[in-house]
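Engineer: Data file work_33.cif (mmCIF, N, CA and C atoms) is appended below.
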data_data
loop_
_atom_site.label_atom_id
_atom_site.label_comp_id
_atom_site.auth_asym_id
_atom_site.auth_seq_id
_atom_site.Cartn_x
_atom_site.Cartn_y
_atom_site.Cartn_z
N MET Y 1 35.63 0.79 -167.20
CA MET Y 1 35.20 -0.53 -167.56
C MET Y 1 36.41 -1.46 -167.49
N TRP Y 2 36.26 -2.59 -166.87
CA TRP Y 2 37.34 -3.55 -166.77
C TRP Y 2 37.11 -4.69 -167.74
N SER Y 3 38.19 -5.19 -168.31
CA SER Y 3 38.14 -6.32 -169.21
C SER Y 3 39.45 -7.08 -169.10
N ASP Y 4 39.39 -8.39 -169.31
CA ASP Y 4 40.62 -9.16 -169.32
C ASP Y 4 41.31 -9.13 -170.69
N ARG Y 5 40.66 -8.53 -171.68
CA ARG Y 5 41.21 -8.48 -173.03
C ARG Y 5 41.60 -7.08 -173.50
N TYR Y 6 41.01 -6.06 -172.87
CA TYR Y 6 41.22 -4.69 -173.34
C TYR Y 6 41.49 -3.76 -172.18
N ASN Y 7 42.26 -2.71 -172.46
CA ASN Y 7 42.39 -1.59 -171.54
C ASN Y 7 41.68 -0.40 -172.18
N TYR Y 8 41.03 0.38 -171.35
CA TYR Y 8 40.31 1.56 -171.80
C TYR Y 8 40.97 2.79 -171.19
N TYR Y 9 41.51 3.64 -172.04
CA TYR Y 9 42.19 4.86 -171.60
C TYR Y 9 41.42 6.07 -172.10
N ASN Y 10 41.54 7.16 -171.36
CA ASN Y 10 41.00 8.45 -171.77
C ASN Y 10 42.09 9.49 -171.65
N ILE Y 11 42.17 10.36 -172.62
CA ILE Y 11 43.02 11.55 -172.53
C ILE Y 11 42.05 12.72 -172.51
N GLN Y 12 42.15 13.54 -171.46
CA GLN Y 12 41.23 14.67 -171.30
C GLN Y 12 41.92 15.75 -170.48
N SER Y 13 41.38 16.96 -170.56
CA SER Y 13 42.01 18.09 -169.86
C SER Y 13 41.84 17.99 -168.34
N ASP Y 14 40.65 17.58 -167.91
CA ASP Y 14 40.32 17.52 -166.49
C ASP Y 14 39.04 16.70 -166.31
N GLU Y 15 38.58 16.56 -165.09
CA GLU Y 15 37.39 15.75 -164.82
C GLU Y 15 36.14 16.30 -165.48
N GLY Y 16 36.07 17.62 -165.70
CA GLY Y 16 34.88 18.24 -166.28
C GLY Y 16 34.92 18.42 -167.78
N TYR Y 17 35.97 17.93 -168.44
CA TYR Y 17 36.09 18.05 -169.90
C TYR Y 17 35.96 19.50 -170.35
N THR Y 18 36.63 20.40 -169.63
CA THR Y 18 36.42 21.84 -169.85
C THR Y 18 37.24 22.44 -170.99
N LYS Y 19 38.23 21.73 -171.49
CA LYS Y 19 39.06 22.30 -172.56
C LYS Y 19 38.89 21.50 -173.84
N ASN Y 20 38.78 22.25 -174.93
CA ASN Y 20 38.65 21.65 -176.25
C ASN Y 20 39.92 21.88 -177.05
N VAL Y 21 40.12 21.03 -178.03
CA VAL Y 21 41.21 21.21 -178.99
C VAL Y 21 40.63 20.87 -180.37
N ALA Y 22 41.14 21.53 -181.37
CA ALA Y 22 40.66 21.29 -182.73
C ALA Y 22 40.92 19.84 -183.14
N ARG Y 23 39.89 19.22 -183.69
CA ARG Y 23 40.01 17.83 -184.13
C ARG Y 23 41.16 17.66 -185.12
N GLU Y 24 41.31 18.59 -186.02
CA GLU Y 24 42.39 18.50 -187.02
C GLU Y 24 43.76 18.49 -186.36
N ARG Y 25 43.94 19.26 -185.31
CA ARG Y 25 45.22 19.26 -184.59
C ARG Y 25 45.49 17.88 -183.98
N LEU Y 26 44.46 17.30 -183.37
CA LEU Y 26 44.62 15.97 -182.78
C LEU Y 26 44.95 14.93 -183.84
N LEU Y 27 44.25 14.98 -184.95
CA LEU Y 27 44.54 14.03 -186.01
C LEU Y 27 46.00 14.12 -186.43
N GLN Y 28 46.50 15.33 -186.59
CA GLN Y 28 47.89 15.49 -186.99
C GLN Y 28 48.86 14.98 -185.92
N LEU Y 29 48.56 15.23 -184.64
CA LEU Y 29 49.41 14.72 -183.56
C LEU Y 29 49.53 13.20 -183.64
N PHE Y 30 48.40 12.53 -183.80
CA PHE Y 30 48.41 11.07 -183.87
C PHE Y 30 49.06 10.57 -185.16
N LEU Y 31 48.69 11.14 -186.29
CA LEU Y 31 49.21 10.66 -187.56
C LEU Y 31 50.71 10.90 -187.70
N ASN Y 32 51.21 12.00 -187.13
CA ASN Y 32 52.63 12.30 -187.22
C ASN Y 32 53.51 11.31 -186.48
N THR Y 33 52.94 10.51 -185.58
CA THR Y 33 53.74 9.49 -184.87
C THR Y 33 54.09 8.34 -185.80
N GLY Y 34 53.30 8.13 -186.87
CA GLY Y 34 53.52 7.02 -187.77
C GLY Y 34 52.95 5.70 -187.26
N ASN Y 35 52.29 5.73 -186.10
CA ASN Y 35 51.75 4.51 -185.50
C ASN Y 35 50.26 4.33 -185.68
N PHE Y 36 49.59 5.33 -186.26
CA PHE Y 36 48.13 5.31 -186.35
C PHE Y 36 47.67 5.63 -187.77
N LEU Y 37 46.51 5.12 -188.11
CA LEU Y 37 45.89 5.38 -189.41
C LEU Y 37 44.49 5.94 -189.17
N GLN Y 38 44.12 6.94 -189.94
CA GLN Y 38 42.79 7.52 -189.81
C GLN Y 38 41.77 6.61 -190.49
N LYS Y 39 40.69 6.28 -189.75
CA LYS Y 39 39.64 5.42 -190.29
C LYS Y 39 38.49 6.25 -190.84
N ASP Y 40 38.14 7.31 -190.13
CA ASP Y 40 37.13 8.26 -190.59
C ASP Y 40 37.38 9.58 -189.88
N HIS Y 41 36.41 10.47 -189.91
CA HIS Y 41 36.64 11.82 -189.38
C HIS Y 41 36.92 11.86 -187.88
N GLN Y 42 36.56 10.81 -187.12
CA GLN Y 42 36.79 10.87 -185.69
C GLN Y 42 37.41 9.61 -185.09
N THR Y 43 37.79 8.64 -185.92
CA THR Y 43 38.41 7.44 -185.37
C THR Y 43 39.73 7.13 -186.08
N LEU Y 44 40.62 6.55 -185.28
CA LEU Y 44 41.91 6.10 -185.78
C LEU Y 44 42.12 4.66 -185.33
N GLY Y 45 42.93 3.95 -186.08
CA GLY Y 45 43.33 2.60 -185.72
C GLY Y 45 44.84 2.51 -185.75
N ASN Y 46 45.34 1.33 -185.49
CA ASN Y 46 46.78 1.13 -185.47
C ASN Y 46 47.33 0.89 -186.87
N ALA Y 47 48.58 1.32 -187.07
CA ALA Y 47 49.32 0.96 -188.28
C ALA Y 47 49.73 -0.51 -188.13
N ASP Y 48 50.09 -1.15 -189.22
CA ASP Y 48 50.41 -2.58 -189.20
C ASP Y 48 51.48 -2.96 -188.18
N HIS Y 49 52.46 -2.10 -187.96
CA HIS Y 49 53.57 -2.43 -187.07
C HIS Y 49 53.26 -2.17 -185.59
N PHE Y 50 52.10 -1.61 -185.30
CA PHE Y 50 51.76 -1.20 -183.93
C PHE Y 50 50.67 -2.13 -183.39
N PRO Y 51 50.68 -2.41 -182.06
CA PRO Y 51 49.64 -3.28 -181.50
C PRO Y 51 48.24 -2.69 -181.70
N TRP Y 52 47.24 -3.59 -181.70
CA TRP Y 52 45.86 -3.21 -181.99
C TRP Y 52 45.33 -2.16 -181.02
N LEU Y 53 44.58 -1.21 -181.57
CA LEU Y 53 43.84 -0.22 -180.77
C LEU Y 53 42.84 0.48 -181.63
N GLU Y 54 41.94 1.18 -180.97
CA GLU Y 54 41.00 2.07 -181.65
C GLU Y 54 40.87 3.33 -180.83
N ILE Y 55 40.92 4.46 -181.50
CA ILE Y 55 40.88 5.77 -180.86
C ILE Y 55 39.67 6.53 -181.40
N VAL Y 56 38.91 7.14 -180.49
CA VAL Y 56 37.77 7.98 -180.89
C VAL Y 56 38.03 9.39 -180.37
N LEU Y 57 37.92 10.35 -181.25
CA LEU Y 57 38.03 11.77 -180.90
C LEU Y 57 36.61 12.27 -180.70
N ALA Y 58 36.26 12.61 -179.46
CA ALA Y 58 34.86 12.89 -179.13
C ALA Y 58 34.67 14.24 -178.48
N GLU Y 59 33.45 14.70 -178.58
CA GLU Y 59 33.00 15.89 -177.86
C GLU Y 59 31.97 15.39 -176.85
N THR Y 60 32.17 15.70 -175.57
CA THR Y 60 31.29 15.19 -174.53
C THR Y 60 31.03 16.24 -173.47
N LYS Y 61 29.99 16.04 -172.71
CA LYS Y 61 29.71 16.89 -171.56
C LYS Y 61 29.97 16.14 -170.26
N ASP Y 62 29.79 14.79 -170.31
CA ASP Y 62 29.90 14.01 -169.09
C ASP Y 62 30.69 12.71 -169.25
N GLY Y 63 31.39 12.56 -170.36
CA GLY Y 63 32.15 11.35 -170.61
C GLY Y 63 31.45 10.38 -171.53
N SER Y 64 30.16 10.57 -171.73
CA SER Y 64 29.41 9.72 -172.66
C SER Y 64 29.57 10.27 -174.07
N PHE Y 65 29.64 9.38 -175.05
CA PHE Y 65 29.77 9.82 -176.43
C PHE Y 65 29.36 8.69 -177.35
N ALA Y 66 29.16 9.02 -178.59
CA ALA Y 66 28.90 8.04 -179.63
C ALA Y 66 29.55 8.53 -180.91
N THR Y 67 29.98 7.62 -181.73
CA THR Y 67 30.50 8.02 -183.03
C THR Y 67 29.31 8.38 -183.92
N SER Y 68 29.55 9.25 -184.88
CA SER Y 68 28.45 9.66 -185.75
C SER Y 68 28.99 10.13 -187.09
N GLU Y 69 28.08 10.39 -187.98
CA GLU Y 69 28.42 10.93 -189.30
C GLU Y 69 28.80 12.40 -189.19
N ARG Y 70 28.29 13.06 -188.14
CA ARG Y 70 28.52 14.50 -187.96
C ARG Y 70 29.96 14.74 -187.53
N GLU Y 71 30.65 15.60 -188.24
CA GLU Y 71 32.02 15.94 -187.88
C GLU Y 71 32.00 16.99 -186.77
N VAL Y 72 32.73 16.71 -185.72
CA VAL Y 72 32.86 17.69 -184.64
C VAL Y 72 34.15 18.47 -184.86
N PRO Y 73 34.08 19.79 -184.81
CA PRO Y 73 35.30 20.58 -185.04
C PRO Y 73 36.25 20.56 -183.85
N ASP Y 74 35.67 20.43 -182.65
CA ASP Y 74 36.48 20.45 -181.43
C ASP Y 74 36.26 19.19 -180.62
N VAL Y 75 37.30 18.78 -179.93
CA VAL Y 75 37.30 17.54 -179.16
C VAL Y 75 37.70 17.84 -177.73
N ASN Y 76 37.02 17.21 -176.76
CA ASN Y 76 37.43 17.35 -175.37
C ASN Y 76 37.65 16.00 -174.68
N LEU Y 77 37.61 14.91 -175.47
CA LEU Y 77 37.87 13.57 -174.96
C LEU Y 77 38.48 12.72 -176.05
N ILE Y 78 39.58 12.09 -175.73
CA ILE Y 78 40.19 11.10 -176.60
C ILE Y 78 39.99 9.76 -175.90
N ALA Y 79 39.13 8.93 -176.45
CA ALA Y 79 38.82 7.63 -175.85
C ALA Y 79 39.57 6.55 -176.62
N ILE Y 80 40.26 5.69 -175.87
CA ILE Y 80 41.13 4.69 -176.49
C ILE Y 80 40.82 3.31 -175.91
N VAL Y 81 40.68 2.33 -176.76
CA VAL Y 81 40.60 0.94 -176.34
C VAL Y 81 41.77 0.23 -177.02
N CYS Y 82 42.51 -0.56 -176.24
CA CYS Y 82 43.67 -1.24 -176.80
C CYS Y 82 43.81 -2.64 -176.21
N ALA Y 83 44.60 -3.44 -176.89
CA ALA Y 83 44.79 -4.83 -176.49
C ALA Y 83 45.49 -4.92 -175.14
N LYS Y 84 45.15 -5.99 -174.42
CA LYS Y 84 45.72 -6.22 -173.10
C LYS Y 84 46.06 -7.70 -173.01
N GLY Y 85 47.09 -8.02 -172.33
CA GLY Y 85 47.46 -9.42 -172.15
C GLY Y 85 48.94 -9.54 -171.88
N ALA Y 86 49.36 -10.71 -171.49
CA ALA Y 86 50.77 -10.93 -171.13
C ALA Y 86 51.70 -10.66 -172.31
N HIS Y 87 51.23 -10.87 -173.52
CA HIS Y 87 52.07 -10.68 -174.69
C HIS Y 87 52.11 -9.23 -175.18
N ILE Y 88 51.34 -8.35 -174.57
CA ILE Y 88 51.29 -6.94 -174.98
C ILE Y 88 51.97 -6.09 -173.92
N ASP Y 89 53.01 -5.37 -174.32
CA ASP Y 89 53.71 -4.46 -173.43
C ASP Y 89 52.94 -3.13 -173.40
N GLN Y 90 52.25 -2.86 -172.32
CA GLN Y 90 51.46 -1.63 -172.21
C GLN Y 90 52.32 -0.38 -172.32
N GLN Y 91 53.60 -0.48 -172.02
CA GLN Y 91 54.48 0.68 -172.12
C GLN Y 91 54.57 1.20 -173.56
N VAL Y 92 54.39 0.32 -174.54
CA VAL Y 92 54.39 0.76 -175.94
C VAL Y 92 53.26 1.76 -176.15
N TYR Y 93 52.09 1.44 -175.61
CA TYR Y 93 50.96 2.35 -175.71
C TYR Y 93 51.17 3.60 -174.85
N LEU Y 94 51.51 3.36 -173.58
CA LEU Y 94 51.57 4.47 -172.62
C LEU Y 94 52.56 5.55 -173.03
N LYS Y 95 53.68 5.16 -173.59
CA LYS Y 95 54.68 6.15 -174.01
C LYS Y 95 54.06 7.16 -174.98
N ILE Y 96 53.34 6.66 -175.97
CA ILE Y 96 52.74 7.56 -176.97
C ILE Y 96 51.56 8.32 -176.38
N PHE Y 97 50.72 7.64 -175.59
CA PHE Y 97 49.57 8.33 -174.99
C PHE Y 97 50.03 9.46 -174.09
N LEU Y 98 51.09 9.23 -173.32
CA LEU Y 98 51.62 10.28 -172.44
C LEU Y 98 52.21 11.43 -173.25
N GLU Y 99 52.84 11.13 -174.36
CA GLU Y 99 53.37 12.19 -175.23
C GLU Y 99 52.24 13.05 -175.79
N ILE Y 100 51.17 12.41 -176.24
CA ILE Y 100 50.02 13.16 -176.78
C ILE Y 100 49.40 14.00 -175.67
N ALA Y 101 49.17 13.40 -174.50
CA ALA Y 101 48.59 14.14 -173.37
C ALA Y 101 49.48 15.33 -173.00
N GLY Y 102 50.79 15.10 -172.97
CA GLY Y 102 51.73 16.18 -172.64
C GLY Y 102 51.71 17.30 -173.65
N ALA Y 103 51.61 16.97 -174.93
CA ALA Y 103 51.57 17.99 -175.98
C ALA Y 103 50.34 18.88 -175.83
N LEU Y 104 49.28 18.34 -175.24
CA LEU Y 104 48.04 19.09 -175.05
C LEU Y 104 47.93 19.71 -173.66
N SER Y 105 48.85 19.37 -172.76
CA SER Y 105 48.75 19.72 -171.33
C SER Y 105 47.49 19.11 -170.74
N TRP Y 106 47.17 17.89 -171.19
CA TRP Y 106 46.03 17.12 -170.70
C TRP Y 106 46.55 15.96 -169.85
N LYS Y 107 45.65 15.10 -169.40
CA LYS Y 107 46.00 13.97 -168.55
C LYS Y 107 45.55 12.67 -169.19
N LEU Y 108 46.26 11.60 -168.82
CA LEU Y 108 45.93 10.26 -169.29
C LEU Y 108 45.35 9.46 -168.13
N TYR Y 109 44.20 8.83 -168.36
CA TYR Y 109 43.54 8.01 -167.33
C TYR Y 109 43.29 6.61 -167.86
N LEU Y 110 43.45 5.62 -166.99
CA LEU Y 110 42.98 4.26 -167.23
C LEU Y 110 41.62 4.18 -166.57
N GLU Y 111 40.60 3.77 -167.31
CA GLU Y 111 39.24 3.78 -166.75
C GLU Y 111 39.11 2.89 -165.52
N GLU Y 112 39.71 1.69 -165.56
CA GLU Y 112 39.68 0.82 -164.38
C GLU Y 112 40.85 -0.16 -164.46
N ASP Y 113 41.59 -0.28 -163.35
CA ASP Y 113 42.73 -1.20 -163.34
C ASP Y 113 42.31 -2.59 -162.87
N ASP Y 114 43.25 -3.51 -162.82
CA ASP Y 114 42.95 -4.90 -162.45
C ASP Y 114 42.53 -5.07 -161.00
N GLU Y 115 42.76 -4.06 -160.16
CA GLU Y 115 42.36 -4.11 -158.76
C GLU Y 115 41.02 -3.42 -158.50
N GLY Y 116 40.38 -2.92 -159.55
CA GLY Y 116 39.08 -2.29 -159.41
C GLY Y 116 39.13 -0.79 -159.17
N ASN Y 117 40.32 -0.20 -159.16
CA ASN Y 117 40.44 1.25 -159.01
C ASN Y 117 39.99 1.92 -160.30
N GLU Y 118 39.19 2.96 -160.17
CA GLU Y 118 38.66 3.65 -161.34
C GLU Y 118 39.36 4.98 -161.56
N ASP Y 119 39.37 5.42 -162.81
CA ASP Y 119 39.97 6.71 -163.18
C ASP Y 119 41.38 6.86 -162.63
N VAL Y 120 42.22 5.92 -162.97
CA VAL Y 120 43.61 5.91 -162.53
C VAL Y 120 44.40 6.84 -163.44
N GLU Y 121 44.95 7.90 -162.88
CA GLU Y 121 45.76 8.81 -163.68
C GLU Y 121 47.13 8.19 -163.89
N ILE Y 122 47.59 8.17 -165.12
CA ILE Y 122 48.90 7.62 -165.47
C ILE Y 122 49.86 8.79 -165.65
N LYS Y 123 50.93 8.75 -164.86
CA LYS Y 123 51.95 9.79 -164.94
C LYS Y 123 53.32 9.14 -165.06
N ASN Y 124 53.93 9.24 -166.19
CA ASN Y 124 55.30 8.73 -166.38
C ASN Y 124 55.55 7.44 -165.61
N ASN Y 125 54.73 6.43 -165.90
CA ASN Y 125 54.85 5.10 -165.31
C ASN Y 125 54.46 5.03 -163.83
N MET Y 126 53.87 6.07 -163.31
CA MET Y 126 53.41 6.05 -161.92
C MET Y 126 51.91 6.32 -161.93
N ASN Y 127 51.15 5.49 -161.24
CA ASN Y 127 49.71 5.64 -161.20
C ASN Y 127 49.28 6.43 -159.97
N THR Y 128 48.29 7.26 -160.14
CA THR Y 128 47.69 7.96 -159.01
C THR Y 128 46.19 7.78 -159.12
N TYR Y 129 45.49 7.91 -158.02
CA TYR Y 129 44.06 7.66 -158.01
C TYR Y 129 43.31 8.93 -157.66
N LYS Y 130 42.19 9.15 -158.37
CA LYS Y 130 41.37 10.34 -158.10
C LYS Y 130 40.53 10.06 -156.86
#
For this file, write the structure as structure tokens.
Structural biologist:
Amino acid sequence: MWSDRYNYYNIQSDEGYTKNVARERLLQLFLNTGNFLQKDHQTLGNADHFPWLEIVLAETKDGSFATSEREVPDVNLIAIVCAKGAHIDQQVYLKIFLEIAGALSWKLYLEEDDEGNEDVEIKNNMNTYK
């Protein structure tokens, strides 16, 4: 999804969402950075000193998901929406997202870039296309 106000990122193991990780492990990875606050059992937001974002820890079969009251023990998709604009340095976000993806041996994707490319894999400041 493209927006002039938001970037949409996904952290996942592969295109088929074939690997799961315990939700509690993911929560600890994010919370230990000091940049995120837990909102409920599957969502996190930014700490006051960090730019705006919302993170959903989801279980999916095809990339579709919804938040719910039901706690999922395992997660195979980390969906992130964050602020975008000239005043927001995306590298602040990408550095942490890449660290989390690396800790899981997963990949980071931008859902759609400004040129209309979809599922752009982000690798250490270099973009590749599926």
Engineer: I would like the residues chosen by the PyMOL selection byres ((chain Y and resi 8) around 6.5) on the shown file; could you give them as a count of residues only?
Structural biologist: 12
Engineer: Residues of segment 1-123 of chain Y in strand (DSSP E or B) according to DSSP, as number ranges by chain?
Structural biologist: Y: 6-12, 21-22, 36-38, 43-46, 53-58, 74-75, 77-83, 107-112, 118-123
Engineer: Hey, can you check how far atom C of Val72 of chain Y sits from atom N of Ile55 of chain Y?
Structural biologist: 15.9 Å
Engineer: Could you check the closest approach to Trp2 of chain Y for each of Y:Arg25, Y:Asp62, Y:Asp113, Y:Val120 and tell me which residue wins, using only N, CA and C atoms?
Structural biologist: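 Nearest to Trp2 of chain Y: Y:Asp113.
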Engineer: Determine, counting only N, CA and C atoms, which protein, DNA and RNA residues have an atom within 7 Å of an atom of Leu98 of chain Y; residues of the same chain fewer than 4 positions away are not included. Present the result as a list of chain:residue names.
Structural biologist: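 Here the answer would be Y:Tyr93, Y:Leu94, Y:Gly102, Y:Ala103, Y:Leu108, Y:Asn124.
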Engineer: Chain Y: which residues are helix (DSSP H, G or I) by DSSP, as a ChimeraX atom specification?
Structural biologist: /Y:23-31,90-104
Engineer: Mind telling me what the PyMOL selection byres ((chain Y and resi 42) around 6) catches here, as a list in words?
Structural biologist: Asp40, His41, Thr43, Leu44, Ile55, Val56 and Leu57 of chain Y
Engineer: As a check of understanding, name the residues that the PyMOL selection byres ((chain Y and resi 36) around 8) selects in the supplied structure, as a list of chain:residue names.
Structural biologist: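 With the shown file as input, the PyMOL selection byres ((chain Y and resi 36) around 8) matches Y:Phe30, Y:Leu31, Y:Asn32, Y:Thr33, Y:Gly34, Y:Asn35, Y:Leu37, Y:Gln38, Y:Lys39, Y:Leu44, Y:Gly45, Y:Asn46, Y:Ala47, Y:Asp48, Y:Phe50.
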Engineer: Atom C of Tyr17 of chain Y and atom CA of Asp74 of chain Y, how far apart in Å?
Structural biologist: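 According to the coordinates, atom CA of Asp74 of chain Y and atom C of Tyr17 of chain Y are separated by 11.1 Å.
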Engineer: Could you check the closest approach to Asp14 of chain Y for each of Y:Ile100, Y:Val92, Y:Gly63, Y:Trp106 and tell me which residue wins, using all atoms listed in the file?
Structural biologist: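 So, comparing all the options, the nearest one is Y:Trp106.
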Engineer: Please compute the atom N of Lys84 of chain Y-atom N of Lys61 of chain Y distance, one decimal, in Å.
Structural biologist: 26.8 Å
Engineer: Y:Leu26, Y:Leu77, Y:Ile88, Y:Val21: which is nearest Leu53 of chain Y, counting only C-alpha atoms?
Structural biologist: Y:Ile88
Engineer: Just segment 92-101 of chain Y from the block, all heavy atoms, as a JSON list (two decimals), in the first residue's frame, could you?
Structural biologist:
[["chain", "number", "residue", "atom", "x", "y", "z"],
["Y", 92, "VAL", "N", 16.26, 5.92, 10.87],
["Y", 92, "VAL", "CA", 16.01, 5.70, 12.30],
["Y", 92, "VAL", "C", 15.18, 4.43, 12.47],
["Y", 92, "VAL", "O", 15.46, 3.58, 13.31],
["Y", 92, "VAL", "CB", 15.31, 6.92, 12.93],
["Y", 92, "VAL", "CG1", 14.84, 6.63, 14.35],
["Y", 92, "VAL", "CG2", 16.22, 8.13, 12.89],
["Y", 93, "TYR", "N", 14.14, 4.31, 11.64],
["Y", 93, "TYR", "CA", 13.30, 3.12, 11.67],
["Y", 93, "TYR", "C", 14.05, 1.89, 11.14],
["Y", 93, "TYR", "O", 14.05, 0.84, 11.76],
["Y", 93, "TYR", "CB", 12.06, 3.30, 10.80],
["Y", 93, "TYR", "CG", 11.05, 4.32, 11.24],
["Y", 93, "TYR", "CD1", 10.70, 5.37, 10.41],
["Y", 93, "TYR", "CD2", 10.40, 4.20, 12.47],
["Y", 93, "TYR", "CE1", 9.73, 6.29, 10.78],
["Y", 93, "TYR", "CE2", 9.43, 5.11, 12.85],
["Y", 93, "TYR", "CZ", 9.10, 6.15, 12.00],
["Y", 93, "TYR", "OH", 8.13, 7.05, 12.38],
["Y", 94, "LEU", "N", 14.64, 2.06, 9.95],
["Y", 94, "LEU", "CA", 15.24, 0.91, 9.26],
["Y", 94, "LEU", "C", 16.33, 0.24, 10.07],
["Y", 94, "LEU", "O", 16.46, -0.98, 10.06],
["Y", 94, "LEU", "CB", 15.76, 1.33, 7.89],
["Y", 94, "LEU", "CG", 14.68, 1.76, 6.90],
["Y", 94, "LEU", "CD1", 15.32, 2.22, 5.59],
["Y", 94, "LEU", "CD2", 13.68, 0.65, 6.66],
["Y", 95, "LYS", "N", 17.13, 1.02, 10.77],
["Y", 95, "LYS", "CA", 18.21, 0.45, 11.58],
["Y", 95, "LYS", "C", 17.64, -0.57, 12.57],
["Y", 95, "LYS", "O", 18.12, -1.69, 12.67],
["Y", 95, "LYS", "CB", 18.94, 1.57, 12.32],
["Y", 95, "LYS", "CG", 20.08, 1.09, 13.20],
["Y", 95, "LYS", "CD", 20.75, 2.28, 13.88],
["Y", 95, "LYS", "CE", 21.95, 1.89, 14.68],
["Y", 95, "LYS", "NZ", 21.65, 1.07, 15.84],
["Y", 96, "ILE", "N", 16.59, -0.19, 13.28],
["Y", 96, "ILE", "CA", 16.02, -1.10, 14.28],
["Y", 96, "ILE", "C", 15.27, -2.25, 13.62],
["Y", 96, "ILE", "O", 15.38, -3.40, 14.05],
["Y", 96, "ILE", "CB", 15.11, -0.32, 15.25],
["Y", 96, "ILE", "CG1", 16.00, 0.60, 16.10],
["Y", 96, "ILE", "CG2", 14.30, -1.26, 16.12],
["Y", 96, "ILE", "CD1", 15.27, 1.48, 17.06],
["Y", 97, "PHE", "N", 14.51, -1.96, 12.56],
["Y", 97, "PHE", "CA", 13.78, -3.04, 11.87],
["Y", 97, "PHE", "C", 14.74, -4.09, 11.33],
["Y", 97, "PHE", "O", 14.47, -5.28, 11.41],
["Y", 97, "PHE", "CB", 12.92, -2.49, 10.74],
["Y", 97, "PHE", "CG", 11.87, -1.49, 11.15],
["Y", 97, "PHE", "CD1", 11.28, -0.69, 10.20],
["Y", 97, "PHE", "CD2", 11.46, -1.36, 12.48],
["Y", 97, "PHE", "CE1", 10.31, 0.23, 10.55],
["Y", 97, "PHE", "CE2", 10.49, -0.44, 12.84],
["Y", 97, "PHE", "CZ", 9.91, 0.37, 11.87],
["Y", 98, "LEU", "N", 15.87, -3.64, 10.77],
["Y", 98, "LEU", "CA", 16.86, -4.58, 10.25],
["Y", 98, "LEU", "C", 17.51, -5.39, 11.37],
["Y", 98, "LEU", "O", 17.79, -6.57, 11.20],
["Y", 98, "LEU", "CB", 17.92, -3.86, 9.42],
["Y", 98, "LEU", "CG", 17.47, -3.40, 8.04],
["Y", 98, "LEU", "CD1", 18.46, -2.40, 7.45],
["Y", 98, "LEU", "CD2", 17.28, -4.59, 7.11],
["Y", 99, "GLU", "N", 17.72, -4.77, 12.51],
["Y", 99, "GLU", "CA", 18.27, -5.50, 13.66],
["Y", 99, "GLU", "C", 17.31, -6.58, 14.13],
["Y", 99, "GLU", "O", 17.72, -7.71, 14.40],
["Y", 99, "GLU", "CB", 18.58, -4.53, 14.81],
["Y", 99, "GLU", "CG", 19.78, -3.66, 14.56],
["Y", 99, "GLU", "CD", 19.98, -2.61, 15.64],
["Y", 99, "GLU", "OE1", 19.27, -2.64, 16.68],
["Y", 99, "GLU", "OE2", 20.84, -1.74, 15.44],
["Y", 100, "ILE", "N", 16.03, -6.25, 14.21],
["Y", 100, "ILE", "CA", 15.02, -7.24, 14.63],
["Y", 100, "ILE", "C", 14.95, -8.36, 13.61],
["Y", 100, "ILE", "O", 14.98, -9.55, 13.95],
["Y", 100, "ILE", "CB", 13.63, -6.58, 14.81],
["Y", 100, "ILE", "CG1", 13.65, -5.51, 15.90],
["Y", 100, "ILE", "CG2", 12.55, -7.64, 15.04],
["Y", 100, "ILE", "CD1", 13.78, -5.99, 17.31],
["Y", 101, "ALA", "N", 14.88, -8.01, 12.32],
["Y", 101, "ALA", "CA", 14.83, -9.03, 11.26],
["Y", 101, "ALA", "C", 16.07, -9.92, 11.33],
["Y", 101, "ALA", "O", 15.97, -11.15, 11.22],
["Y", 101, "ALA", "CB", 14.71, -8.37, 9.88]]
